[in-house]
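Raw structure_24.cif, mmCIF, N, CA and C atoms and all ligand atoms:
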data_work
#
loop_
_atom_site.label_atom_id
_atom_site.label_comp_id
_atom_site.auth_asym_id
_atom_site.auth_seq_id
_atom_site.Cartn_x
_atom_site.Cartn_y
_atom_site.Cartn_z
N MET A 1 -13.83 14.58 11.70
CA MET A 1 -12.58 14.17 11.07
C MET A 1 -12.35 12.67 11.26
N SER A 2 -11.87 12.03 10.22
CA SER A 2 -11.63 10.59 10.30
C SER A 2 -10.53 10.28 11.31
N GLU A 3 -10.72 9.18 12.03
CA GLU A 3 -9.69 8.72 12.96
C GLU A 3 -8.73 7.75 12.28
N CYS A 4 -8.97 7.48 11.01
CA CYS A 4 -8.14 6.51 10.30
C CYS A 4 -6.79 7.13 9.93
N LEU A 5 -5.72 6.42 10.32
CA LEU A 5 -4.36 6.90 10.06
C LEU A 5 -4.11 7.16 8.57
N PHE A 6 -4.52 6.22 7.72
CA PHE A 6 -4.22 6.38 6.30
C PHE A 6 -5.12 7.43 5.65
N CYS A 7 -6.35 7.60 6.15
CA CYS A 7 -7.16 8.73 5.68
C CYS A 7 -6.46 10.05 6.00
N LYS A 8 -5.82 10.12 7.16
CA LYS A 8 -5.10 11.34 7.53
C LYS A 8 -3.91 11.57 6.60
N ILE A 9 -3.26 10.50 6.16
CA ILE A 9 -2.17 10.64 5.18
C ILE A 9 -2.74 11.14 3.85
N VAL A 10 -3.88 10.58 3.43
CA VAL A 10 -4.54 11.03 2.19
C VAL A 10 -4.86 12.52 2.28
N GLU A 11 -5.36 12.92 3.44
CA GLU A 11 -5.78 14.33 3.64
C GLU A 11 -4.59 15.24 3.96
N LYS A 12 -3.38 14.68 3.98
CA LYS A 12 -2.14 15.44 4.27
C LYS A 12 -2.15 16.02 5.69
N LYS A 13 -2.91 15.38 6.58
CA LYS A 13 -2.94 15.85 7.97
C LYS A 13 -1.78 15.28 8.76
N ILE A 14 -1.24 14.17 8.30
CA ILE A 14 0.04 13.71 8.82
C ILE A 14 0.96 13.44 7.63
N PRO A 15 2.25 13.70 7.83
CA PRO A 15 3.17 13.61 6.69
C PRO A 15 3.49 12.18 6.29
N ALA A 16 3.82 12.00 5.04
CA ALA A 16 4.28 10.70 4.55
C ALA A 16 5.21 10.97 3.37
N ASN A 17 6.07 10.00 3.13
CA ASN A 17 7.00 10.09 2.00
C ASN A 17 6.29 9.54 0.76
N VAL A 18 5.55 10.42 0.09
CA VAL A 18 4.71 10.01 -1.04
C VAL A 18 5.57 9.83 -2.29
N VAL A 19 5.40 8.67 -2.94
CA VAL A 19 6.18 8.39 -4.15
C VAL A 19 5.31 8.36 -5.40
N PHE A 20 3.99 8.30 -5.21
CA PHE A 20 3.07 8.28 -6.35
C PHE A 20 1.72 8.78 -5.87
N GLU A 21 1.07 9.59 -6.72
CA GLU A 21 -0.27 10.05 -6.36
C GLU A 21 -1.04 10.41 -7.62
N ASN A 22 -2.31 10.03 -7.67
CA ASN A 22 -3.21 10.53 -8.69
C ASN A 22 -4.57 10.79 -8.04
N GLU A 23 -5.60 10.93 -8.85
CA GLU A 23 -6.91 11.30 -8.31
C GLU A 23 -7.44 10.28 -7.29
N HIS A 24 -7.12 9.01 -7.51
CA HIS A 24 -7.74 7.94 -6.72
C HIS A 24 -6.80 7.21 -5.76
N ILE A 25 -5.52 7.29 -6.04
CA ILE A 25 -4.54 6.42 -5.36
C ILE A 25 -3.41 7.26 -4.80
N VAL A 26 -2.87 6.84 -3.66
CA VAL A 26 -1.62 7.41 -3.18
C VAL A 26 -0.70 6.26 -2.74
N ALA A 27 0.58 6.42 -2.96
CA ALA A 27 1.57 5.42 -2.54
C ALA A 27 2.68 6.14 -1.80
N PHE A 28 3.10 5.55 -0.68
CA PHE A 28 4.11 6.20 0.17
C PHE A 28 4.97 5.12 0.82
N ARG A 29 6.14 5.55 1.28
CA ARG A 29 7.07 4.59 1.88
C ARG A 29 6.60 4.21 3.29
N ASP A 30 6.71 2.90 3.57
CA ASP A 30 6.32 2.41 4.89
C ASP A 30 7.28 2.98 5.94
N ILE A 31 6.71 3.40 7.07
CA ILE A 31 7.51 4.01 8.14
C ILE A 31 8.45 3.00 8.80
N ASN A 32 8.12 1.73 8.68
CA ASN A 32 8.92 0.66 9.30
C ASN A 32 9.21 -0.41 8.25
N PRO A 33 10.11 -0.10 7.30
CA PRO A 33 10.30 -1.00 6.15
C PRO A 33 10.83 -2.37 6.56
N VAL A 34 10.29 -3.41 5.92
CA VAL A 34 10.76 -4.77 6.15
C VAL A 34 11.51 -5.32 4.93
N ALA A 35 11.77 -4.45 3.97
CA ALA A 35 12.57 -4.78 2.79
C ALA A 35 13.25 -3.48 2.36
N PRO A 36 14.33 -3.58 1.55
CA PRO A 36 15.02 -2.36 1.11
C PRO A 36 14.07 -1.33 0.48
N GLN A 37 13.09 -1.81 -0.29
CA GLN A 37 12.04 -0.95 -0.83
C GLN A 37 10.72 -1.45 -0.27
N HIS A 38 10.01 -0.60 0.43
CA HIS A 38 8.73 -1.01 1.04
C HIS A 38 7.76 0.15 0.87
N ILE A 39 6.85 -0.02 -0.09
CA ILE A 39 5.90 1.03 -0.45
C ILE A 39 4.49 0.52 -0.16
N LEU A 40 3.63 1.40 0.33
CA LEU A 40 2.22 1.08 0.56
C LEU A 40 1.39 1.78 -0.50
N VAL A 41 0.53 1.02 -1.18
CA VAL A 41 -0.37 1.55 -2.21
C VAL A 41 -1.77 1.52 -1.64
N ILE A 42 -2.43 2.69 -1.59
CA ILE A 42 -3.77 2.74 -0.97
C ILE A 42 -4.75 3.51 -1.85
N PRO A 43 -6.03 3.14 -1.76
CA PRO A 43 -7.06 3.99 -2.38
C PRO A 43 -7.30 5.21 -1.51
N LYS A 44 -7.63 6.33 -2.14
CA LYS A 44 -7.90 7.54 -1.34
C LYS A 44 -9.21 7.42 -0.57
N THR A 45 -10.15 6.65 -1.10
CA THR A 45 -11.38 6.42 -0.35
C THR A 45 -11.13 5.35 0.70
N HIS A 46 -11.85 5.47 1.83
CA HIS A 46 -11.64 4.52 2.92
C HIS A 46 -12.34 3.20 2.64
N LEU A 47 -11.55 2.18 2.35
CA LEU A 47 -12.02 0.80 2.24
C LEU A 47 -11.29 0.03 3.33
N GLU A 48 -12.00 -0.84 4.03
CA GLU A 48 -11.36 -1.50 5.18
C GLU A 48 -10.34 -2.55 4.75
N ASN A 49 -10.71 -3.34 3.77
CA ASN A 49 -9.78 -4.39 3.35
C ASN A 49 -10.11 -4.83 1.93
N ILE A 50 -9.42 -5.84 1.46
CA ILE A 50 -9.52 -6.26 0.06
C ILE A 50 -10.93 -6.75 -0.30
N LEU A 51 -11.70 -7.17 0.70
CA LEU A 51 -13.07 -7.63 0.45
C LEU A 51 -13.99 -6.49 0.07
N ASP A 52 -13.59 -5.26 0.40
CA ASP A 52 -14.38 -4.08 0.04
C ASP A 52 -14.00 -3.51 -1.32
N LEU A 53 -12.98 -4.10 -1.93
CA LEU A 53 -12.42 -3.56 -3.17
C LEU A 53 -13.25 -4.02 -4.38
N ASP A 54 -13.66 -3.08 -5.23
CA ASP A 54 -14.38 -3.48 -6.45
C ASP A 54 -13.42 -3.45 -7.64
N GLY A 55 -13.92 -3.88 -8.77
CA GLY A 55 -13.06 -4.03 -9.94
C GLY A 55 -12.46 -2.72 -10.41
N ALA A 56 -13.25 -1.64 -10.35
CA ALA A 56 -12.76 -0.35 -10.84
C ALA A 56 -11.57 0.13 -9.99
N MET A 57 -11.72 0.04 -8.67
CA MET A 57 -10.63 0.51 -7.81
C MET A 57 -9.44 -0.47 -7.86
N ALA A 58 -9.73 -1.75 -8.00
CA ALA A 58 -8.64 -2.73 -8.14
C ALA A 58 -7.80 -2.40 -9.37
N ASN A 59 -8.46 -2.01 -10.45
CA ASN A 59 -7.73 -1.63 -11.66
C ASN A 59 -6.86 -0.41 -11.42
N ARG A 60 -7.38 0.55 -10.69
CA ARG A 60 -6.60 1.76 -10.39
C ARG A 60 -5.39 1.42 -9.54
N MET A 61 -5.59 0.54 -8.56
CA MET A 61 -4.45 0.14 -7.72
C MET A 61 -3.42 -0.63 -8.54
N LEU A 62 -3.91 -1.47 -9.44
CA LEU A 62 -3.00 -2.25 -10.29
C LEU A 62 -2.22 -1.34 -11.23
N ASP A 63 -2.89 -0.36 -11.81
CA ASP A 63 -2.19 0.61 -12.67
C ASP A 63 -1.11 1.35 -11.88
N ALA A 64 -1.45 1.77 -10.66
CA ALA A 64 -0.48 2.48 -9.82
C ALA A 64 0.71 1.58 -9.51
N LEU A 65 0.41 0.33 -9.20
CA LEU A 65 1.47 -0.65 -8.90
C LEU A 65 2.43 -0.78 -10.08
N LYS A 66 1.88 -0.93 -11.27
CA LYS A 66 2.73 -1.08 -12.46
C LYS A 66 3.57 0.16 -12.71
N GLN A 67 2.96 1.32 -12.50
CA GLN A 67 3.72 2.57 -12.67
C GLN A 67 4.85 2.66 -11.65
N LEU A 68 4.56 2.23 -10.41
CA LEU A 68 5.59 2.27 -9.36
C LEU A 68 6.75 1.33 -9.67
N VAL A 69 6.43 0.14 -10.16
CA VAL A 69 7.48 -0.82 -10.48
C VAL A 69 8.42 -0.23 -11.54
N ALA A 70 7.85 0.47 -12.51
CA ALA A 70 8.67 1.11 -13.54
C ALA A 70 9.43 2.31 -12.95
N GLN A 71 8.72 3.15 -12.26
CA GLN A 71 9.30 4.38 -11.70
C GLN A 71 10.45 4.08 -10.74
N GLU A 72 10.26 3.06 -9.89
CA GLU A 72 11.27 2.72 -8.88
C GLU A 72 12.32 1.75 -9.42
N LYS A 73 12.20 1.44 -10.71
CA LYS A 73 13.17 0.55 -11.38
C LYS A 73 13.33 -0.78 -10.65
N ILE A 74 12.20 -1.37 -10.32
CA ILE A 74 12.19 -2.66 -9.64
C ILE A 74 12.28 -3.74 -10.72
N GLU A 75 13.50 -4.24 -10.94
CA GLU A 75 13.74 -5.10 -12.09
C GLU A 75 13.91 -6.57 -11.73
N LYS A 76 14.17 -6.86 -10.47
CA LYS A 76 14.46 -8.24 -10.09
C LYS A 76 13.29 -8.94 -9.42
N GLY A 77 12.14 -8.32 -9.44
CA GLY A 77 10.95 -8.93 -8.86
C GLY A 77 10.53 -8.27 -7.56
N PHE A 78 9.39 -8.65 -7.11
CA PHE A 78 8.79 -8.00 -5.94
C PHE A 78 7.71 -8.90 -5.38
N ARG A 79 7.18 -8.50 -4.24
CA ARG A 79 6.03 -9.19 -3.66
C ARG A 79 4.97 -8.17 -3.29
N VAL A 80 3.72 -8.52 -3.58
CA VAL A 80 2.57 -7.69 -3.19
C VAL A 80 1.81 -8.44 -2.10
N VAL A 81 1.56 -7.76 -0.99
CA VAL A 81 0.91 -8.40 0.16
C VAL A 81 -0.27 -7.53 0.60
N ALA A 82 -1.40 -8.16 0.84
CA ALA A 82 -2.56 -7.47 1.41
C ALA A 82 -2.97 -8.21 2.68
N ASN A 83 -2.32 -7.86 3.79
CA ASN A 83 -2.69 -8.46 5.08
C ASN A 83 -4.15 -8.11 5.37
N THR A 84 -4.93 -9.12 5.71
CA THR A 84 -6.37 -8.91 5.86
C THR A 84 -6.89 -9.52 7.15
N GLY A 85 -7.41 -8.66 8.02
CA GLY A 85 -8.02 -9.14 9.26
C GLY A 85 -7.00 -9.64 10.27
N GLU A 86 -7.53 -10.17 11.35
CA GLU A 86 -6.69 -10.57 12.49
C GLU A 86 -5.66 -11.62 12.11
N HIS A 87 -6.09 -12.71 11.51
CA HIS A 87 -5.14 -13.78 11.17
C HIS A 87 -4.23 -13.38 10.02
N GLY A 88 -4.67 -12.44 9.21
CA GLY A 88 -3.82 -11.94 8.13
C GLY A 88 -2.75 -10.97 8.61
N GLY A 89 -2.84 -10.53 9.85
CA GLY A 89 -1.84 -9.63 10.40
C GLY A 89 -2.07 -8.17 10.08
N GLN A 90 -3.31 -7.82 9.72
CA GLN A 90 -3.60 -6.42 9.40
C GLN A 90 -3.59 -5.57 10.66
N THR A 91 -2.88 -4.45 10.62
CA THR A 91 -2.85 -3.54 11.78
C THR A 91 -3.49 -2.20 11.48
N VAL A 92 -3.52 -1.81 10.21
CA VAL A 92 -4.19 -0.56 9.82
C VAL A 92 -5.38 -0.95 8.94
N TYR A 93 -6.57 -0.58 9.39
CA TYR A 93 -7.79 -1.05 8.71
C TYR A 93 -8.27 -0.06 7.65
N HIS A 94 -7.34 0.32 6.80
CA HIS A 94 -7.59 1.05 5.55
C HIS A 94 -6.80 0.26 4.51
N LEU A 95 -7.50 -0.28 3.52
CA LEU A 95 -6.88 -1.17 2.55
C LEU A 95 -5.53 -0.64 2.05
N HIS A 96 -4.53 -1.52 2.05
CA HIS A 96 -3.23 -1.16 1.49
C HIS A 96 -2.57 -2.41 0.93
N TRP A 97 -1.86 -2.21 -0.18
CA TRP A 97 -1.01 -3.26 -0.72
C TRP A 97 0.42 -2.91 -0.35
N HIS A 98 1.11 -3.86 0.28
CA HIS A 98 2.55 -3.70 0.51
C HIS A 98 3.26 -4.09 -0.79
N LEU A 99 4.10 -3.22 -1.31
CA LEU A 99 4.97 -3.54 -2.45
C LEU A 99 6.38 -3.65 -1.90
N LEU A 100 6.84 -4.89 -1.82
CA LEU A 100 8.13 -5.21 -1.19
C LEU A 100 9.13 -5.62 -2.25
N SER A 101 10.35 -5.06 -2.19
CA SER A 101 11.36 -5.43 -3.17
C SER A 101 12.75 -5.12 -2.63
N GLY A 102 13.75 -5.57 -3.40
CA GLY A 102 15.13 -5.25 -3.05
C GLY A 102 15.86 -6.38 -2.35
N ARG A 103 15.19 -7.50 -2.12
CA ARG A 103 15.85 -8.68 -1.55
C ARG A 103 15.02 -9.91 -1.91
N HIS A 104 15.63 -11.08 -1.73
CA HIS A 104 14.87 -12.32 -1.90
C HIS A 104 13.84 -12.44 -0.78
N MET A 105 12.63 -12.81 -1.14
CA MET A 105 11.57 -13.00 -0.16
C MET A 105 11.48 -14.48 0.23
N GLY A 106 11.27 -14.74 1.49
CA GLY A 106 11.13 -16.12 1.95
C GLY A 106 9.73 -16.67 1.69
N TRP A 107 9.63 -17.99 1.70
CA TRP A 107 8.34 -18.66 1.57
C TRP A 107 8.38 -19.94 2.38
N PRO A 108 7.40 -20.30 3.17
CA PRO A 108 6.16 -19.56 3.38
C PRO A 108 6.36 -18.32 4.25
N PRO A 109 5.43 -17.35 4.13
CA PRO A 109 5.53 -16.17 4.98
C PRO A 109 5.23 -16.55 6.43
N GLY A 110 5.69 -15.73 7.34
CA GLY A 110 5.53 -16.03 8.77
C GLY A 110 4.11 -15.81 9.23
P1 LIG B 201 -0.49 -3.92 8.03
O1 LIG B 201 0.18 -4.38 9.30
O2 LIG B 201 -1.88 -3.39 8.33
O3 LIG B 201 -0.48 -4.91 6.92
O4 LIG B 201 0.37 -2.72 7.49
C1 LIG B 201 0.37 -1.45 8.06
C2 LIG B 201 1.69 -0.82 7.69
O5 LIG B 201 1.59 0.57 7.92
C3 LIG B 201 2.87 -1.33 8.52
O6 LIG B 201 3.85 -1.90 7.66
C4 LIG B 201 3.37 -0.07 9.23
O7 LIG B 201 4.78 -0.04 9.33
C5 LIG B 201 2.83 1.04 8.36
N1 LIG B 201 2.58 2.27 9.08
C6 LIG B 201 1.95 2.40 10.28
N2 LIG B 201 1.86 3.71 10.62
C7 LIG B 201 2.44 4.40 9.61
C8 LIG B 201 2.66 5.80 9.38
O8 LIG B 201 2.28 6.68 10.17
N3 LIG B 201 3.29 6.16 8.23
C9 LIG B 201 3.71 5.23 7.32
N4 LIG B 201 4.34 5.68 6.24
N5 LIG B 201 3.52 3.90 7.50
C10 LIG B 201 2.89 3.50 8.63
ZN ZN B 202 -9.06 5.34 6.05
#
Would you write out, as structure tokens, the structure that this file holds?
Ligand code: 5GP
Ligand code: ZN
Amino acid sequence: MSECLFCKIVEKKIPANVVFENEHIVAFRDINPVAPQHILVIPKTHLENILDLDGAMANRMLDALKQLVAQEKIEKGFRVVANTGEHGGQTVYHLHWHLLSGRHMGWPPG
């Protein structure tokens, strides 16, 4: 059995608040939101980070993202973040895009 936390969410071995799912992608609410709306979009296959992402899966993630923006009625804008590696602040090593919305985002990021 995989020791990866997000693989366990994909396999429904640990619960998550899933807001979108299809054959390849699942999206669920972050357990520790840093914005009023904080959704994680992940591929169902285990990819460590964005460097492992190919064009086909990137398209699937992008399609899911667009569907989520419509579904969640995110009309005032949003930010997509892919923390990558140690300096990127990645803590879960299964590729995920943070979809953050519901407030003004600061720049530069911390
Ligand atoms: P990272 O720090 O790797 O960019 O993002 C990992 C994210 O996963 C964090 O925002 C963290 O709050 C979230 N997270 C960690 N464990 C869980 C969990 O068990 N369930 C959910 N829904 N989110 C989690
Ligand atoms: Zn995984």
Exercise. Write out as a count of residues only which residues come within 6 Å of stretch 66-79 of chain A when counting all atoms listed in the file, dropping same-chain ones fewer than 3 positions away.
Key: 8
Exercise. Please report, as number ranges by chain, each residue of chain A to which DSSP assigns alpha helix (DSSP H) when run on this structure's backbone.
Key: A: 5-10, 55-71, 85-88
With a cut-off of 9 Å, could you pull out the residues of chain A touching ligand ZN 202 (chain B) and give me the nearest pair of atoms for each, distance in Å to one decimal, using only C-alpha atoms and all ligand atoms, ordered by chain and ascending number, as JSON lines?
{"residue": "A:Ser2", "atom": "CA", "partner": "B:ZN202", "partner_atom": "ZN", "distance": 7.2}
{"residue": "A:Glu3", "atom": "CA", "partner": "B:ZN202", "partner_atom": "ZN", "distance": 7.7}
{"residue": "A:Cys4", "atom": "CA", "partner": "B:ZN202", "partner_atom": "ZN", "distance": 4.5}
{"residue": "A:Leu5", "atom": "CA", "partner": "B:ZN202", "partner_atom": "ZN", "distance": 6.4}
{"residue": "A:Phe6", "atom": "CA", "partner": "B:ZN202", "partner_atom": "ZN", "distance": 5.0}
{"residue": "A:Cys7", "atom": "CA", "partner": "B:ZN202", "partner_atom": "ZN", "distance": 3.9}
{"residue": "A:Lys8", "atom": "CA", "partner": "B:ZN202", "partner_atom": "ZN", "distance": 7.3}
{"residue": "A:Ile9", "atom": "CA", "partner": "B:ZN202", "partner_atom": "ZN", "distance": 8.7}
{"residue": "A:Val10", "atom": "CA", "partner": "B:ZN202", "partner_atom": "ZN", "distance": 8.2}
{"residue": "A:Pro43", "atom": "CA", "partner": "B:ZN202", "partner_atom": "ZN", "distance": 8.8}
{"residue": "A:Lys44", "atom": "CA", "partner": "B:ZN202", "partner_atom": "ZN", "distance": 7.8}
{"residue": "A:Thr45", "atom": "CA", "partner": "B:ZN202", "partner_atom": "ZN", "distance": 6.9}
{"residue": "A:His46", "atom": "CA", "partner": "B:ZN202", "partner_atom": "ZN", "distance": 4.1}
{"residue": "A:Leu47", "atom": "CA", "partner": "B:ZN202", "partner_atom": "ZN", "distance": 6.6}
{"residue": "A:Glu48", "atom": "CA", "partner": "B:ZN202", "partner_atom": "ZN", "distance": 7.3}
{"residue": "A:Val92", "atom": "CA", "partner": "B:ZN202", "partner_atom": "ZN", "distance": 8.5}
{"residue": "A:Tyr93", "atom": "CA", "partner": "B:ZN202", "partner_atom": "ZN", "distance": 7.0}
{"residue": "A:His94", "atom": "CA", "partner": "B:ZN202", "partner_atom": "ZN", "distance": 4.6}
{"residue": "A:Leu95", "atom": "CA", "partner": "B:ZN202", "partner_atom": "ZN", "distance": 7.7}
Practice problem: Could you give me, as a list in words, every polymer residue with an atom at most 6.5 Å away from an atom of ligand LIG 201 (chain B), counting only N, CA and C atoms and all ligand atoms? | Solution: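 Within the 6.5 Å cut-off, the matching residues are Pro15, Ala16, Asn17, Phe28, Arg29, Asp30, Ile31, Asn32, Pro33, Ala82, Asn83, Thr84, Gly89, Gln90, Thr91, Val92 and Tyr93 of chain A.
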Quiz item: What separation in Å, quoted to one decimal, exists between atom C of A:Asn49 and atom N of A:Ile25?
Solution: 15.2 Å
Self-check item: Atom pair atom CA of A:Gly55 / atom CA of A:His38: separation (Å)
Solution: 24.6 Å
Practice problem: Name the residues of chain A that come out as strand (DSSP E) in a backbone DSSP run; write them as a list in words. | Solution: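 Here are the strand (DSSP E) residues of chain A: Val18, Val19, Phe20, Glu21, Ile25, Val26, Ala27, Phe28, Arg29, Gln37, His38, Ile39, Leu40, Val41, Ile42, Pro43, Phe78, Arg79, Val80, Val81, Trp97, His98, Leu99, Leu100 and Ser101 of chain A.
In terms of minimum interatomic distance to A:Met57, A:Glu23 ranks closest within A:Leu40, A:Gly106, A:Glu23, A:Glu86, counting only C-alpha atoms.
Here atom C of A:Ile14 and atom CA of A:Ile39 stand 15.6 Å from one another.
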Kindly write all heavy atoms of stretch 100-109 of chain A from the structure just given to a file, as an mmCIF file, in the first residue's frame.
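What follows is the written file decode-v6.cif:
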data_model
loop_
_atom_site.group_PDB
_atom_site.id
_atom_site.type_symbol
_atom_site.label_atom_id
_atom_site.label_comp_id
_atom_site.auth_asym_id
_atom_site.auth_seq_id
_atom_site.Cartn_x
_atom_site.Cartn_y
_atom_site.Cartn_z
ATOM 1 N N LEU A 100 -6.561 28.964 -5.002
ATOM 2 C CA LEU A 100 -6.852 29.874 -3.890
ATOM 3 C C LEU A 100 -7.741 31.006 -4.379
ATOM 4 O O LEU A 100 -7.449 31.619 -5.417
ATOM 5 C CB LEU A 100 -5.548 30.475 -3.351
ATOM 6 C CG LEU A 100 -4.499 29.474 -2.872
ATOM 7 C CD1 LEU A 100 -3.133 30.149 -2.753
ATOM 8 C CD2 LEU A 100 -4.914 28.888 -1.524
ATOM 9 N N SER A 101 -8.797 31.314 -3.627
ATOM 10 C CA SER A 101 -9.676 32.406 -4.040
ATOM 11 C C SER A 101 -10.465 32.921 -2.840
ATOM 12 O O SER A 101 -10.402 32.357 -1.751
ATOM 13 C CB SER A 101 -10.631 31.933 -5.147
ATOM 14 O OG SER A 101 -11.456 30.899 -4.664
ATOM 15 N N GLY A 102 -11.181 34.021 -3.084
ATOM 16 C CA GLY A 102 -12.061 34.568 -2.058
ATOM 17 C C GLY A 102 -11.470 35.745 -1.307
ATOM 18 O O GLY A 102 -12.114 36.292 -0.410
ATOM 19 N N ARG A 103 -10.263 36.148 -1.649
ATOM 20 C CA ARG A 103 -9.657 37.348 -1.060
ATOM 21 C C ARG A 103 -8.564 37.852 -2.006
ATOM 22 O O ARG A 103 -8.124 37.137 -2.904
ATOM 23 C CB ARG A 103 -9.047 37.051 0.320
ATOM 24 C CG ARG A 103 -7.898 36.069 0.308
ATOM 25 C CD ARG A 103 -7.170 36.088 1.647
ATOM 26 N NE ARG A 103 -6.201 35.018 1.783
ATOM 27 C CZ ARG A 103 -4.956 35.026 1.287
ATOM 28 N NH1 ARG A 103 -4.536 36.061 0.552
ATOM 29 N NH2 ARG A 103 -4.142 34.012 1.490
ATOM 30 N N HIS A 104 -8.130 39.091 -1.764
ATOM 31 C CA HIS A 104 -6.978 39.601 -2.513
ATOM 32 C C HIS A 104 -5.730 38.849 -2.086
ATOM 33 O O HIS A 104 -5.509 38.629 -0.889
ATOM 34 C CB HIS A 104 -6.791 41.093 -2.232
ATOM 35 C CG HIS A 104 -7.751 41.968 -2.969
ATOM 36 N ND1 HIS A 104 -7.489 42.455 -4.228
ATOM 37 C CD2 HIS A 104 -8.973 42.428 -2.618
ATOM 38 C CE1 HIS A 104 -8.507 43.180 -4.635
ATOM 39 N NE2 HIS A 104 -9.430 43.185 -3.680
ATOM 40 N N MET A 105 -4.925 38.459 -3.057
ATOM 41 C CA MET A 105 -3.673 37.765 -2.775
ATOM 42 C C MET A 105 -2.521 38.775 -2.760
ATOM 43 O O MET A 105 -2.470 39.669 -3.612
ATOM 44 C CB MET A 105 -3.389 36.719 -3.866
ATOM 45 C CG MET A 105 -4.506 35.698 -4.053
ATOM 46 S SD MET A 105 -4.676 34.583 -2.657
ATOM 47 C CE MET A 105 -6.401 34.114 -2.873
ATOM 48 N N GLY A 106 -1.608 38.610 -1.835
ATOM 49 C CA GLY A 106 -0.447 39.493 -1.776
ATOM 50 C C GLY A 106 0.625 39.097 -2.777
ATOM 51 O O GLY A 106 0.649 37.977 -3.278
ATOM 52 N N TRP A 107 1.499 40.047 -3.066
ATOM 53 C CA TRP A 107 2.653 39.794 -3.929
ATOM 54 C C TRP A 107 3.813 40.639 -3.461
ATOM 55 O O TRP A 107 3.585 41.814 -3.154
ATOM 56 C CB TRP A 107 2.321 40.106 -5.402
ATOM 57 C CG TRP A 107 3.380 39.557 -6.325
ATOM 58 C CD1 TRP A 107 4.451 40.234 -6.845
ATOM 59 C CD2 TRP A 107 3.483 38.200 -6.791
ATOM 60 N NE1 TRP A 107 5.206 39.383 -7.599
ATOM 61 C CE2 TRP A 107 4.641 38.129 -7.586
ATOM 62 C CE3 TRP A 107 2.728 37.051 -6.584
ATOM 63 C CZ2 TRP A 107 5.066 36.946 -8.179
ATOM 64 C CZ3 TRP A 107 3.145 35.886 -7.181
ATOM 65 C CH2 TRP A 107 4.303 35.838 -7.984
ATOM 66 N N PRO A 108 5.028 40.167 -3.336
ATOM 67 C CA PRO A 108 5.438 38.801 -3.622
ATOM 68 C C PRO A 108 4.974 37.814 -2.557
ATOM 69 O O PRO A 108 4.721 38.217 -1.422
ATOM 70 C CB PRO A 108 6.970 38.894 -3.651
ATOM 71 C CG PRO A 108 7.275 40.004 -2.704
ATOM 72 C CD PRO A 108 6.160 41.002 -2.862
ATOM 73 N N PRO A 109 4.893 36.524 -2.934
ATOM 74 C CA PRO A 109 4.525 35.518 -1.944
ATOM 75 C C PRO A 109 5.649 35.349 -0.918
ATOM 76 O O PRO A 109 6.796 35.675 -1.184
ATOM 77 C CB PRO A 109 4.346 34.242 -2.779
ATOM 78 C CG PRO A 109 5.130 34.478 -4.020
ATOM 79 C CD PRO A 109 5.151 35.957 -4.254
#
